[in-house]
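K.L.:
Shown below is the structure under consideration.
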2 protein chains.
Amino acid sequence: MKAKLKYFIEVKGEYYNCPIELTLSMISGKWKGIILWHLIGNDTLRFNELEKAIPSISQRMLTKELREMEKHGFIYRKVYPQVPPKVEYSLSDLGRSVIPIIKSLSEWGSNYAQNCGKIYIKE
Amino acid sequence: MKAKLKYFIEVKGEYYNCPIELTLSMISGKWKGIILWHLIGNDTLRFNELEKAIPSISQRMLTKELREMEKHGFIYRKVYPQVPPKVEYSLSDLGRSVIPIIKSLSEWGSNYAQNCGKIYIKE
DNA sequence: CCGCATCCTCCTGGATACTG
DNA sequence: CAGTATCCAGGAGGATGCGG
């Protein structure tokens, strides 16, 4: 055992026991991983396009997760005031700073899935 | 947009929409991050030592998280049949394979905390 | 020392319906 | 097209007490 210094972290009114917990809380949520993944690969995406890219997500959850990511400062939301509405989402600098993490999560998961799981294709 | 190939992953009866979600599910849980962190730095740790290293965790949660990580194959649990009991936990090869991820989570979180949060020391 | 068993609360996320 | 609003079920996680 090294130092026994105990501390906690406070960010925007939330409390964390360690930086790992903090980071995980920012990218956790059932759909944030895959949403980030699509935004990494696509520069900007409309609400509609994200829905199509993630067929099993509901409108409610897509909205909810996007709002949280916006609050975290991970993404920008650009609204075009027109009818029908058009809204574009894109990564901020902070969002881009987690790309390496998301990629390593993705790679680790892919390896693990190939060794210990099964992959099913949907038609 | 690239390929529109849709799929899902099945591992041990659980289903995931993408490898990122899969990986996150393995390391998510309020205390797994900090438990892994301590096991990374200490080779083997007794139940007791983990409790002291993570003052705010309850016995129930420590047991619960350790059981899940054992089920995931991340850690070994070695029981010494003696009175009073002695149990040692250590990382498996699979557990060690996530060290780079945990470290990058930790680094990102530390940076973020320093820029956007506050760190409080407990006595 | 290292747990397990109960009970309880809150939060996440799903289903469904409605709107500017 | 891009959302709200409501309702609801299940599970995560906390508090407490007992046991080999």
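We label chains A, B, ... in the order they appear in the structure tokens, count residues from 1 in each chain, and number ligands from 1 in the order shown.
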Taking only C-alpha atoms (C1' of nucleotides) into account, report as a ChimeraX atom specification which residues of chain D lie within 8 Å of chain A.
P.N.:
/D:1-3
K.L.:
Would you mind listing what lies within 10 Å of region 7-17 of chain D as a list in words, with only C-alpha atoms (C1' of nucleotides) counted and same-chain residues fewer than 3 positions away left out?
P.N.:
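The neighbour list is Gly29, Lys30, Ile57, Ser58, Arg60 and Met61 of chain B; DA5, DT6, DC7, DC8, DT9, DC10, DC11, DT12, DG13, DG14, DA15 and DT16 of chain C.
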K.L.:
Just asking: which residues within region 1-120 of chain B are alpha helix (DSSP H) according to DSSP, as a PyMOL selection string?
P.N.:
chain B and resi 19-27+32-42+47-53+59-71+93-97+99-116
K.L.:
Would you kindly report the residues of chain B within 8 Å of chain A, using only C-alpha atoms, as a VMD selection string?
P.N.:
chain B and resid 1 4 to 12 17 to 24 28 30 to 31 33 to 34 42 53 98 101 to 102 104 to 110 113 116 to 123
K.L.:
As a VMD selection string, please: every residue in chain B that DSSP puts in strand (DSSP E or B).
P.N.:
chain B and resid 6 to 11 14 to 16 44 to 46 75 to 80 86 to 91 118 to 122
K.L.:
Show which residues sit within 12 Å of DA17 (chain C), as a VMD selection string. Count only C-alpha atoms (C1' of nucleotides), and ignore same-chain residues fewer than 4 positions away.
P.N.:
chain D and resid 4 to 7
K.L.:
Take the residues from that selection and put them in a file with all heavy atoms, as a compact mmCIF listing (two decimals), in the first residue's frame.
P.N.:
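What landed in part18.txt:
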# COMPACT_ATOMS: atom_id res chain seq x y z
P DT D 4 -37.04 18.14 -26.03
OP1 DT D 4 -36.06 19.12 -25.52
OP2 DT D 4 -36.93 16.72 -25.66
O5' DT D 4 -38.48 18.65 -25.64
C5' DT D 4 -39.34 17.71 -25.20
C4' DT D 4 -40.70 18.27 -24.90
O4' DT D 4 -41.63 17.57 -25.75
C3' DT D 4 -41.11 17.96 -23.49
O3' DT D 4 -42.10 18.86 -23.04
C2' DT D 4 -41.62 16.54 -23.61
C1' DT D 4 -42.21 16.50 -25.02
N1 DT D 4 -41.91 15.21 -25.72
C2 DT D 4 -42.93 14.31 -25.88
O2 DT D 4 -44.07 14.52 -25.49
N3 DT D 4 -42.58 13.16 -26.53
C4 DT D 4 -41.34 12.82 -27.01
O4 DT D 4 -41.14 11.76 -27.58
C5 DT D 4 -40.30 13.82 -26.80
C7 DT D 4 -38.92 13.56 -27.30
C6 DT D 4 -40.63 14.95 -26.17
P DA D 5 -42.43 18.82 -21.51
OP1 DA D 5 -43.01 20.15 -21.17
OP2 DA D 5 -41.23 18.36 -20.80
O5' DA D 5 -43.55 17.71 -21.35
C5' DA D 5 -44.60 17.59 -22.30
C4' DA D 5 -45.61 16.56 -21.79
O4' DA D 5 -45.42 15.30 -22.48
C3' DA D 5 -45.48 16.26 -20.30
O3' DA D 5 -46.77 16.04 -19.76
C2' DA D 5 -44.63 14.98 -20.28
C1' DA D 5 -45.10 14.28 -21.56
N9 DA D 5 -44.08 13.43 -22.18
C8 DA D 5 -42.75 13.75 -22.37
N7 DA D 5 -42.06 12.82 -22.97
C5 DA D 5 -42.98 11.80 -23.17
C6 DA D 5 -42.89 10.53 -23.76
N6 DA D 5 -41.75 10.04 -24.27
N1 DA D 5 -44.00 9.76 -23.80
C2 DA D 5 -45.13 10.25 -23.30
N3 DA D 5 -45.35 11.44 -22.72
C4 DA D 5 -44.22 12.17 -22.70
P DT D 6 -46.95 15.99 -18.15
OP1 DT D 6 -48.08 16.90 -17.85
OP2 DT D 6 -45.65 16.18 -17.49
O5' DT D 6 -47.43 14.49 -17.91
C5' DT D 6 -47.35 13.61 -19.02
C4' DT D 6 -47.93 12.25 -18.71
O4' DT D 6 -47.21 11.32 -19.55
C3' DT D 6 -47.77 11.74 -17.29
O3' DT D 6 -48.91 10.98 -16.93
C2' DT D 6 -46.51 10.91 -17.34
C1' DT D 6 -46.57 10.35 -18.76
N1 DT D 6 -45.23 10.10 -19.34
C2 DT D 6 -45.04 8.97 -20.10
O2 DT D 6 -45.92 8.16 -20.31
N3 DT D 6 -43.77 8.81 -20.59
C4 DT D 6 -42.69 9.68 -20.39
O4 DT D 6 -41.60 9.42 -20.89
C5 DT D 6 -42.97 10.84 -19.60
C7 DT D 6 -41.88 11.83 -19.33
C6 DT D 6 -44.21 11.00 -19.11
P DC D 7 -49.10 10.45 -15.42
OP1 DC D 7 -50.53 10.59 -15.07
OP2 DC D 7 -48.05 11.02 -14.54
O5' DC D 7 -48.79 8.90 -15.61
C5' DC D 7 -49.36 8.20 -16.74
C4' DC D 7 -48.70 6.84 -16.86
O4' DC D 7 -47.41 6.98 -17.48
C3' DC D 7 -48.46 6.15 -15.51
O3' DC D 7 -49.00 4.84 -15.52
C2' DC D 7 -46.94 6.15 -15.37
C1' DC D 7 -46.50 6.14 -16.83
N1 DC D 7 -45.13 6.67 -17.05
C2 DC D 7 -44.24 5.97 -17.89
O2 DC D 7 -44.63 4.94 -18.45
N3 DC D 7 -42.99 6.45 -18.08
C4 DC D 7 -42.60 7.57 -17.46
N4 DC D 7 -41.37 7.99 -17.67
C5 DC D 7 -43.49 8.30 -16.60
C6 DC D 7 -44.74 7.81 -16.42
K.L.:
Find the residues of chain C that sit at most 8 Å from chain B; for each, write down the nearest two atoms and how far apart they are in Å, to one decimal. Count only C-alpha atoms (C1' of nucleotides). Sort by chain, then by number going up, and give it as JSON lines.
P.N.:
{"residue": "C:DC1", "atom": "C1'", "partner": "B:Pro85", "partner_atom": "CA", "distance": 5.2}
{"residue": "C:DC2", "atom": "C1'", "partner": "B:Pro85", "partner_atom": "CA", "distance": 6.5}
{"residue": "C:DG3", "atom": "C1'", "partner": "B:Thr63", "partner_atom": "CA", "distance": 7.5}
K.L.:
Interatomic distance between CA of Asp93 (chain B) and CA of Glu51 (chain B)?
P.N.:
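Calculated distance between CA of Asp93 (chain B) and CA of Glu51 (chain B) is 23.5 Å.
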